[in-house]
file entry_37.cif (mmCIF, C-alpha atoms (C1' of nucleotides))
data_coords
#
loop_
_atom_site.label_atom_id
_atom_site.label_comp_id
_atom_site.auth_asym_id
_atom_site.auth_seq_id
_atom_site.Cartn_x
_atom_site.Cartn_y
_atom_site.Cartn_z
CA MET A 1 65.26 -171.97 86.08
CA THR A 2 62.27 -173.78 87.48
CA THR A 3 64.28 -176.93 87.99
CA GLU A 4 66.12 -175.36 90.91
CA THR A 5 63.04 -175.04 93.09
CA ARG A 6 62.07 -177.83 95.42
CA ALA A 7 60.48 -180.83 93.71
CA ASP A 8 57.79 -181.24 96.37
CA ASP A 9 56.43 -177.77 95.76
CA LEU A 10 56.31 -178.36 92.05
CA LEU A 11 54.53 -181.66 92.46
CA ARG A 12 51.82 -180.13 94.57
CA LEU A 13 51.49 -177.06 92.42
CA ASP A 14 51.38 -178.93 89.16
CA ARG A 15 48.65 -181.02 90.66
CA GLN A 16 46.65 -178.02 91.75
CA LEU A 17 47.35 -176.25 88.48
CA CYS A 18 46.12 -179.03 86.23
CA PHE A 19 42.95 -179.27 88.29
CA SER A 20 42.33 -175.54 88.29
CA LEU A 21 43.12 -175.05 84.62
CA HIS A 22 40.75 -177.84 83.69
CA ALA A 23 38.09 -176.49 86.02
CA ALA A 24 38.48 -172.88 84.85
CA SER A 25 38.26 -173.88 81.21
CA ARG A 26 35.03 -175.74 81.78
CA ALA A 27 33.58 -173.05 84.04
CA PHE A 28 34.21 -170.53 81.23
CA THR A 29 32.60 -172.61 78.51
CA GLY A 30 29.73 -173.37 80.89
CA VAL A 31 28.87 -169.67 81.20
CA TYR A 32 29.41 -169.17 77.46
CA ARG A 33 27.02 -172.06 76.88
CA THR A 34 24.14 -170.30 78.63
CA VAL A 35 24.98 -166.90 77.14
CA LEU A 36 25.28 -168.28 73.59
CA LYS A 37 22.15 -170.41 73.79
CA ASP A 38 20.00 -167.52 72.51
CA LEU A 39 22.23 -167.19 69.44
CA GLY A 40 22.18 -170.92 68.79
CA LEU A 41 25.97 -171.09 68.97
CA THR A 42 28.37 -173.26 70.91
CA TYR A 43 31.57 -171.78 72.29
CA PRO A 44 33.87 -173.05 69.51
CA GLN A 45 31.33 -171.94 66.92
CA TYR A 46 31.37 -168.50 68.57
CA LEU A 47 35.16 -168.43 68.28
CA VAL A 48 34.88 -169.15 64.56
CA MET A 49 32.26 -166.43 64.12
CA LEU A 50 34.47 -163.97 66.04
CA THR A 51 37.35 -164.55 63.66
CA LEU A 52 35.07 -164.20 60.64
CA TRP A 53 33.52 -161.00 62.01
CA GLU A 54 36.98 -159.59 62.47
CA HIS A 55 38.71 -160.75 59.30
CA GLY A 56 35.92 -161.24 56.81
CA GLU A 57 36.18 -164.29 54.58
CA LEU A 58 38.91 -166.77 55.42
CA PRO A 59 40.08 -170.16 54.15
CA VAL A 60 39.50 -173.08 56.51
CA LYS A 61 43.25 -173.38 57.00
CA GLU A 62 43.50 -169.79 58.26
CA ILE A 63 40.68 -170.32 60.76
CA GLY A 64 42.35 -173.48 61.98
CA ASP A 65 45.69 -171.76 62.44
CA ARG A 66 44.20 -168.86 64.36
CA LEU A 67 42.10 -171.05 66.68
CA ARG A 68 44.48 -174.02 66.83
CA LEU A 69 41.80 -176.33 65.46
CA ASP A 70 42.37 -179.02 62.85
CA SER A 71 40.18 -180.08 59.96
CA GLY A 72 38.68 -182.95 61.94
CA THR A 73 37.13 -180.39 64.27
CA LEU A 74 36.49 -177.58 61.80
CA SER A 75 34.92 -179.51 58.92
CA PRO A 76 31.80 -180.70 60.78
CA LEU A 77 31.65 -177.46 62.80
CA LEU A 78 31.60 -175.35 59.64
CA LYS A 79 29.00 -177.63 58.12
CA ARG A 80 26.75 -177.00 61.12
CA LEU A 81 27.28 -173.24 60.76
CA GLU A 82 26.41 -173.56 57.07
CA THR A 83 23.29 -175.61 57.86
CA ALA A 84 22.33 -172.87 60.34
CA GLY A 85 22.62 -170.38 57.48
CA LEU A 86 25.40 -168.33 59.07
CA VAL A 87 28.27 -169.05 56.69
CA HIS A 88 28.86 -170.11 53.12
CA ARG A 89 31.67 -172.33 51.87
CA ARG A 90 33.17 -172.41 48.40
CA ARG A 91 36.32 -173.75 46.76
CA SER A 92 38.94 -171.12 46.10
CA GLU A 93 39.52 -170.26 42.44
CA GLU A 94 43.25 -169.67 42.87
CA ASP A 95 43.87 -172.88 44.80
CA GLU A 96 41.31 -175.64 44.37
CA ARG A 97 42.56 -177.39 47.50
CA SER A 98 41.37 -174.52 49.65
CA VAL A 99 37.82 -173.84 50.87
CA VAL A 100 36.94 -170.22 51.60
CA VAL A 101 34.40 -169.51 54.34
CA THR A 102 32.29 -166.35 54.06
CA LEU A 103 29.58 -164.84 56.22
CA THR A 104 26.00 -164.86 54.99
CA PRO A 105 23.85 -161.76 55.70
CA GLU A 106 22.39 -163.74 58.63
CA GLY A 107 25.87 -164.46 59.92
CA GLU A 108 26.83 -160.81 59.62
CA ALA A 109 23.58 -159.77 61.32
CA LEU A 110 24.31 -162.02 64.29
CA ARG A 111 27.28 -159.81 65.08
CA ALA A 112 25.05 -157.13 66.56
CA ARG A 113 23.23 -159.61 68.78
CA ALA A 114 26.59 -160.93 70.06
CA ALA A 115 27.97 -157.47 70.79
CA GLY A 116 27.18 -157.57 74.50
CA ILE A 117 28.77 -160.93 75.19
CA PRO A 118 32.42 -159.94 75.82
CA LEU A 119 31.46 -157.37 78.45
CA HIS A 120 29.06 -159.82 80.06
CA MET A 121 31.78 -162.46 80.25
CA ALA A 122 34.39 -160.03 81.54
CA ARG A 123 32.03 -159.07 84.35
CA ALA A 124 31.18 -162.70 85.06
CA ALA A 125 34.89 -163.51 85.39
CA GLY A 126 35.08 -160.69 87.90
CA LEU A 127 38.76 -159.82 87.61
CA THR A 128 40.39 -156.43 87.65
CA LEU A 129 42.04 -155.17 84.49
CA ASP A 130 45.46 -155.94 85.95
CA GLU A 131 44.44 -159.45 86.90
CA PHE A 132 43.06 -160.00 83.42
CA GLN A 133 46.34 -158.99 81.86
CA THR A 134 48.42 -161.05 84.28
CA LEU A 135 46.30 -164.13 83.68
CA ARG A 136 46.43 -163.76 79.92
CA THR A 137 50.18 -163.28 79.96
CA LEU A 138 50.77 -166.34 82.13
CA LEU A 139 48.49 -168.48 79.99
CA THR A 140 50.26 -167.38 76.84
CA THR A 141 53.60 -168.20 78.44
CA VAL A 142 52.63 -171.72 79.50
CA THR A 143 51.06 -172.38 76.10
CA THR A 144 54.24 -171.33 74.33
CA ASN A 145 56.36 -173.40 76.69
CA LEU A 146 54.14 -176.46 76.44
CA ASP A 147 54.02 -176.26 72.66
CA HIS A 148 57.79 -176.09 72.63
CA ALA A 149 58.02 -179.05 75.03
CA ALA A 150 55.70 -181.12 72.88
CA LEU A 151 58.41 -182.16 70.48
CA MET B 152 34.90 -153.16 90.77
CA THR B 153 35.64 -154.35 87.28
CA THR B 154 32.63 -152.57 85.84
CA GLU B 155 34.26 -149.21 86.38
CA THR B 156 37.09 -149.87 83.94
CA ARG B 157 36.72 -148.91 80.32
CA ALA B 158 34.48 -151.21 78.32
CA ASP B 159 36.83 -151.26 75.32
CA ASP B 160 39.67 -152.68 77.35
CA LEU B 161 37.47 -155.38 78.77
CA LEU B 162 36.15 -156.31 75.34
CA ARG B 163 39.62 -156.78 73.97
CA LEU B 164 40.91 -158.57 77.03
CA ASP B 165 37.99 -160.93 77.34
CA ARG B 166 38.53 -161.79 73.74
CA GLN B 167 42.21 -162.49 74.27
CA LEU B 168 41.50 -164.29 77.52
CA CYS B 169 38.95 -166.71 76.10
CA PHE B 170 41.36 -167.58 73.30
CA SER B 171 44.33 -168.04 75.58
CA LEU B 172 42.47 -170.06 78.18
CA HIS B 173 41.14 -172.37 75.50
CA ALA B 174 44.57 -172.65 73.94
CA ALA B 175 46.37 -173.21 77.24
CA SER B 176 43.94 -175.90 78.29
CA ARG B 177 44.47 -177.79 75.05
CA ALA B 178 48.22 -177.27 75.08
CA PHE B 179 48.31 -178.81 78.55
CA THR B 180 46.22 -181.84 77.66
CA GLY B 181 48.27 -182.21 74.49
CA VAL B 182 51.48 -182.64 76.48
CA TYR B 183 49.71 -184.87 78.99
CA ARG B 184 48.50 -186.96 76.05
CA THR B 185 52.02 -187.81 74.94
CA VAL B 186 53.30 -188.30 78.49
CA LEU B 187 50.37 -190.54 79.48
CA LYS B 188 50.47 -192.61 76.31
CA ASP B 189 52.93 -195.06 77.88
CA LEU B 190 50.55 -195.63 80.79
CA GLY B 191 47.57 -196.09 78.50
CA LEU B 192 45.71 -193.25 80.20
CA THR B 193 43.97 -190.14 78.93
CA TYR B 194 44.18 -186.92 80.89
CA PRO B 195 40.74 -187.20 82.57
CA GLN B 196 41.49 -190.84 83.37
CA TYR B 197 44.75 -189.70 84.96
CA LEU B 198 42.83 -187.20 87.08
CA VAL B 199 40.57 -190.00 88.32
CA MET B 200 43.58 -192.22 89.10
CA LEU B 201 45.24 -189.34 90.98
CA THR B 202 42.23 -188.94 93.27
CA LEU B 203 42.07 -192.69 93.87
CA TRP B 204 45.80 -192.87 94.60
CA GLU B 205 45.37 -190.10 97.15
CA HIS B 206 42.10 -191.09 98.81
CA GLY B 207 41.85 -194.84 98.28
CA GLU B 208 38.41 -196.17 97.41
CA LEU B 209 35.75 -193.58 96.66
CA PRO B 210 32.10 -193.60 95.54
CA VAL B 211 31.50 -192.30 92.02
CA LYS B 212 29.70 -189.29 93.48
CA GLU B 213 32.81 -188.28 95.46
CA ILE B 214 35.04 -188.53 92.39
CA GLY B 215 32.58 -186.46 90.41
CA ASP B 216 32.42 -183.76 93.08
CA ARG B 217 36.18 -183.51 93.37
CA LEU B 218 36.79 -183.34 89.61
CA ARG B 219 33.58 -181.52 88.64
CA LEU B 220 32.55 -184.36 86.36
CA ASP B 221 29.04 -185.75 86.09
CA SER B 222 27.87 -189.32 85.69
CA GLY B 223 27.54 -188.98 81.93
CA THR B 224 31.28 -188.48 81.76
CA LEU B 225 32.36 -190.71 84.63
CA SER B 226 30.28 -193.82 83.94
CA PRO B 227 31.88 -194.71 80.60
CA LEU B 228 35.30 -193.45 81.76
CA LEU B 229 35.25 -195.74 84.82
CA LYS B 230 34.10 -198.63 82.67
CA ARG B 231 37.13 -198.13 80.45
CA LEU B 232 39.39 -198.05 83.51
CA GLU B 233 37.73 -201.26 84.72
CA THR B 234 38.17 -202.89 81.30
CA ALA B 235 41.84 -201.87 81.46
CA GLY B 236 42.06 -203.72 84.81
CA LEU B 237 42.99 -200.62 86.83
CA VAL B 238 39.89 -200.25 89.00
CA HIS B 239 37.05 -202.33 90.35
CA ARG B 240 33.46 -201.15 90.87
CA ARG B 241 30.94 -202.53 93.34
CA ARG B 242 27.64 -201.46 94.82
CA SER B 243 27.92 -200.09 98.34
CA GLU B 244 26.38 -202.30 101.06
CA GLU B 245 25.24 -199.34 103.17
CA ASP B 246 23.60 -197.52 100.26
CA GLU B 247 22.66 -199.59 97.25
CA ARG B 248 22.39 -196.44 95.11
CA SER B 249 26.09 -195.81 95.45
CA VAL B 250 28.90 -197.47 93.47
CA VAL B 251 32.29 -197.63 95.16
CA VAL B 252 35.41 -197.52 92.99
CA THR B 253 38.55 -199.27 94.28
CA LEU B 254 42.04 -199.69 92.85
CA THR B 255 43.14 -203.10 91.64
CA PRO B 256 46.75 -204.17 92.34
CA GLU B 257 47.51 -203.15 88.73
CA GLY B 258 45.94 -199.74 89.36
CA GLU B 259 47.97 -199.33 92.54
CA ALA B 260 51.13 -200.44 90.75
CA LEU B 261 50.64 -197.81 88.05
CA ARG B 262 51.21 -195.17 90.70
CA ALA B 263 54.96 -195.76 90.68
CA ARG B 264 55.16 -195.45 86.91
CA ALA B 265 53.26 -192.16 87.05
CA ALA B 266 55.45 -190.70 89.79
CA GLY B 267 57.61 -188.64 87.43
CA ILE B 268 54.77 -186.98 85.56
CA PRO B 269 54.03 -183.95 87.77
CA LEU B 270 57.66 -182.84 87.75
CA HIS B 271 57.88 -183.40 84.01
CA MET B 272 54.76 -181.28 83.46
CA ALA B 273 55.89 -178.56 85.82
CA ARG B 274 59.12 -178.29 83.87
CA ALA B 275 57.30 -178.36 80.53
CA ALA B 276 55.09 -175.47 81.67
CA GLY B 277 58.28 -173.60 82.49
CA LEU B 278 56.97 -171.18 85.10
CA THR B 279 58.64 -170.04 88.27
CA LEU B 280 57.13 -171.08 91.58
CA ASP B 281 55.68 -167.59 92.03
CA GLU B 282 54.14 -167.62 88.59
CA PHE B 283 52.65 -171.03 89.27
CA GLN B 284 51.01 -169.78 92.42
CA THR B 285 49.75 -166.58 90.80
CA LEU B 286 48.27 -168.50 87.89
CA ARG B 287 46.57 -171.03 90.12
CA THR B 288 45.11 -168.31 92.34
CA LEU B 289 43.74 -166.36 89.38
CA LEU B 290 42.23 -169.48 87.83
CA THR B 291 40.56 -170.41 91.11
CA THR B 292 39.17 -166.90 91.39
CA VAL B 293 37.66 -166.82 87.91
CA THR B 294 36.23 -170.31 88.38
CA THR B 295 34.53 -169.28 91.60
CA ASN B 296 33.21 -166.10 90.01
CA LEU B 297 31.99 -167.85 86.88
CA ASP B 298 30.28 -170.58 88.87
CA HIS B 299 28.55 -167.91 90.90
CA ALA B 300 27.55 -166.04 87.72
CA ALA B 301 26.12 -169.20 86.17
CA LEU B 302 22.81 -168.89 88.02
"C1'" DC C 303 57.68 -182.73 31.16
"C1'" DA C 304 57.51 -186.21 34.96
"C1'" DC C 305 57.08 -187.49 39.45
"C1'" DA C 306 57.90 -187.29 44.38
"C1'" DA C 307 56.76 -184.45 48.23
"C1'" DT C 308 53.68 -181.39 50.22
"C1'" DT C 309 49.30 -179.12 51.28
"C1'" DC C 310 44.40 -178.84 52.14
"C1'" DA C 311 39.83 -180.81 53.27
"C1'" DG C 312 37.33 -184.36 54.51
"C1'" DT C 313 36.20 -188.92 56.88
"C1'" DT C 314 36.38 -192.33 60.52
"C1'" DG C 315 36.98 -193.78 65.12
"C1'" DT C 316 37.82 -192.93 70.14
"C1'" DG C 317 37.16 -190.33 74.12
"C1'" DC C 318 35.46 -186.30 76.93
"C1'" DA C 319 31.59 -182.63 78.30
"C1'" DC C 320 27.12 -181.97 79.21
"C1'" DA C 321 21.89 -181.84 78.90
"C1'" DA C 322 17.92 -184.62 79.37
"C1'" DT C 323 15.85 -188.59 80.81
"C1'" DC C 324 15.29 -193.04 83.24
"C1'" DT C 325 15.50 -196.50 87.00
"C1'" DA C 326 16.34 -198.05 91.46
"C1'" DG C 327 17.06 -197.10 96.06
"C1'" DT C 328 16.50 -193.92 100.14
"C1'" DT C 329 14.38 -190.57 103.22
"C1'" DG C 330 10.81 -187.62 105.15
"C1'" DT C 331 6.02 -186.88 106.41
"C1'" DC C 332 1.68 -188.07 107.45
"C1'" DG D 333 2.71 -198.51 106.18
"C1'" DA D 334 1.99 -195.24 102.12
"C1'" DC D 335 3.50 -191.93 99.18
"C1'" DA D 336 6.01 -187.81 97.64
"C1'" DA D 337 10.61 -185.90 97.30
"C1'" DC D 338 15.11 -186.75 96.74
"C1'" DT D 339 19.61 -189.07 95.44
"C1'" DA D 340 22.99 -192.05 92.79
"C1'" DG D 341 24.10 -193.93 88.76
"C1'" DA D 342 23.32 -195.13 83.99
"C1'" DT D 343 21.82 -194.13 79.24
"C1'" DT D 344 21.09 -191.41 75.05
"C1'" DG D 345 22.15 -187.82 71.99
"C1'" DT D 346 24.87 -183.70 70.42
"C1'" DG D 347 29.08 -181.47 69.87
"C1'" DC D 348 34.17 -180.80 70.38
"C1'" DA D 349 39.36 -182.62 70.31
"C1'" DC D 350 42.43 -185.23 68.09
"C1'" DA D 351 44.83 -189.17 65.69
"C1'" DA D 352 45.06 -191.67 61.50
"C1'" DC D 353 43.92 -192.00 56.99
"C1'" DT D 354 42.15 -190.81 52.12
"C1'" DG D 355 42.03 -188.16 47.98
"C1'" DA D 356 42.62 -184.26 45.20
"C1'" DA D 357 45.34 -180.29 43.96
"C1'" DT D 358 49.71 -177.97 44.00
"C1'" DT D 359 54.69 -177.32 44.14
"C1'" DG D 360 59.54 -178.47 43.78
"C1'" DT D 361 63.24 -180.88 41.52
"C1'" DG D 362 65.59 -183.35 38.18
#
call {"tool": "encode", "arguments": {"input": "entry_37.cif", "output": "structure tokens"}}
result
Amino acid sequence: MTTETRADDLLRLDRQLCFSLHAASRAFTGVYRTVLKDLGLTYPQYLVMLTLWEHGELPVKEIGDRLRLDSGTLSPLLKRLETAGLVHRRRSEEDERSVVVTLTPEGEALRARAAGIPLHMARAAGLTLDEFQTLRTLLTTVTTNLDHAAL
Amino acid sequence: MTTETRADDLLRLDRQLCFSLHAASRAFTGVYRTVLKDLGLTYPQYLVMLTLWEHGELPVKEIGDRLRLDSGTLSPLLKRLETAGLVHRRRSEEDERSVVVTLTPEGEALRARAAGIPLHMARAAGLTLDEFQTLRTLLTTVTTNLDHAAL
DNA sequence: CACAATTCAGTTGTGCACAATCTAGTTGTC
DNA sequence: GACAACTAGATTGTGCACAACTGAATTGTG
């Protein structure tokens, strides 16, 4: 258990960790910002497009669950993507409460122009494959733990 | 070098990494949100208070450098802290361009009430001391690399 | 069938992140 | 001393995160 280690160490490390997590998150989105500028996308919009490219049409609820975003964030974001001509929204026939988001031909076409981004970002992050996997695993662990603690 | 590893692996991992970093960052601030609610602070406000508790009075520029926040973020944030009675702002006598932020007695007093937070968060994250250190090191590395790539 | 509980989107309001721009004050160079 | 270059902070505008709420549609239970 973590609680057995010395409190001082945890204090200092928590402090450094919250700084570095915050900083890393913003450093990442900062690089994404410049890379995505050509495509006219923001980073969260790119995340939405990624899920649509992978899964095809999805209800808003599904997108929110996958990206951990609620309707207050997704509704205006999806409207901007629709205004940009990348997606289309329509009420589901089976369940009128649900809105299904589909890609327009323009949205589908953007996929090719975005193809180089993941490799570019991976290189920019400059980690080895092992480091990548370790980092992702640790982040997933803290997220799970924090979600569980947030009761 | 990272570029020698297989592109496919990097694509998939970058994808997973950007999701998990985003998710972890929000999971962290989510827990901080509930913990800080009693103190009437948001997470970025807490970061500012932490630096003031540690270093005493600081010019806005110093705070921004330490937390990687610019004036567009700090100006309104510091005004809210001033409205809440936690800090005081005054123009520097040596350099009239600079604004020095100091703690009020209330701001100083809040320190005691916030003392338990780091340990609480460290426990909520639920990592071992080694994992903490590994995570922090990796995050610092990617941040440095990304900042360097953002030219 | 009726009706309470639930689910899904959307809206509103607050706060942070950041780009672009502005003003005032400072410094360097001639 | 004059003027260009620079620096610190503030302001404006766009977009995201999230809480709280509304309203419509659906589902479960008696």
call {"tool": "resolve_selection", "arguments": {"input": "entry_37.cif", "expression": "the PyMOL selection byres ((chain C and resi 316) around 10)", "output": "list in words"}}
result
DT314, DG315, DG317 and DC318 of chain C; DC350 and DA351 of chain D
call {"tool": "residues_around", "arguments": {"input": "entry_37.cif", "residues": "Thr292 (chain B)", "least_positions_apart": "2", "cutoff": "10 Å", "atoms": "all atoms listed in the file", "output": "MDAnalysis selection string"}}
result
(chainID A and resid 20 24 125:127) or (chainID B and resid 286:290 294:298)
call {"tool": "residues_around", "arguments": {"input": "entry_37.cif", "residues": "DT359 (chain D)", "least_positions_apart": "3", "cutoff": "10 Å", "atoms": "only C-alpha atoms (C1' of nucleotides)", "output": "list of chain:residue names"}}
result
C:DA307, C:DT308, C:DT309
call {"tool": "atom_distance", "arguments": {"input": "entry_37.cif", "atom1": "C1' of DC332 (chain C)", "atom2": "CA of Arg248 (chain B)"}}
result
25.5 Å
call {"tool": "resolve_selection", "arguments": {"input": "entry_37.cif", "expression": "the PyMOL selection byres ((chain B) within 10 of (chain C))", "output": "list in words"}}
result
Thr193, Tyr194, Pro195, Gln196, Leu220, Asp221, Ser222, Gly223, Thr224, Leu225, Pro227, Leu228, Asp246, Glu247, Arg248 and Ser249 of chain B
call {"tool": "resolve_selection", "arguments": {"input": "entry_37.cif", "expression": "the PyMOL selection byres ((chain D) within 8 of (chain B))", "output": "list in words"}}
result
DT339, DA340, DG341 and DA342 of chain D
call {"tool": "atom_distance", "arguments": {"input": "entry_37.cif", "atom1": "CA of Arg184 (chain B)", "atom2": "CA of Phe283 (chain B)"}}
result
21.1 Å
call {"tool": "closest_residue", "arguments": {"input": "entry_37.cif", "among": "A:Asp38, A:Glu93, A:Asp65, A:Glu57", "to": "chain B", "atoms": "only C-alpha atoms"}}
result
A:Asp65
call {"tool": "closest_residue", "arguments": {"input": "entry_37.cif", "among": "D:DC348, D:DG360, D:DG333, D:DC353", "to": "Thr29 (chain A)", "atoms": "only C-alpha atoms (C1' of nucleotides)"}}
result
D:DC348
call {"tool": "closest_residue", "arguments": {"input": "entry_37.cif", "among": "A:Leu110, A:Ala23, A:Leu81, A:Leu41", "to": "chain B", "atoms": "all atoms listed in the file"}}
result
A:Ala23
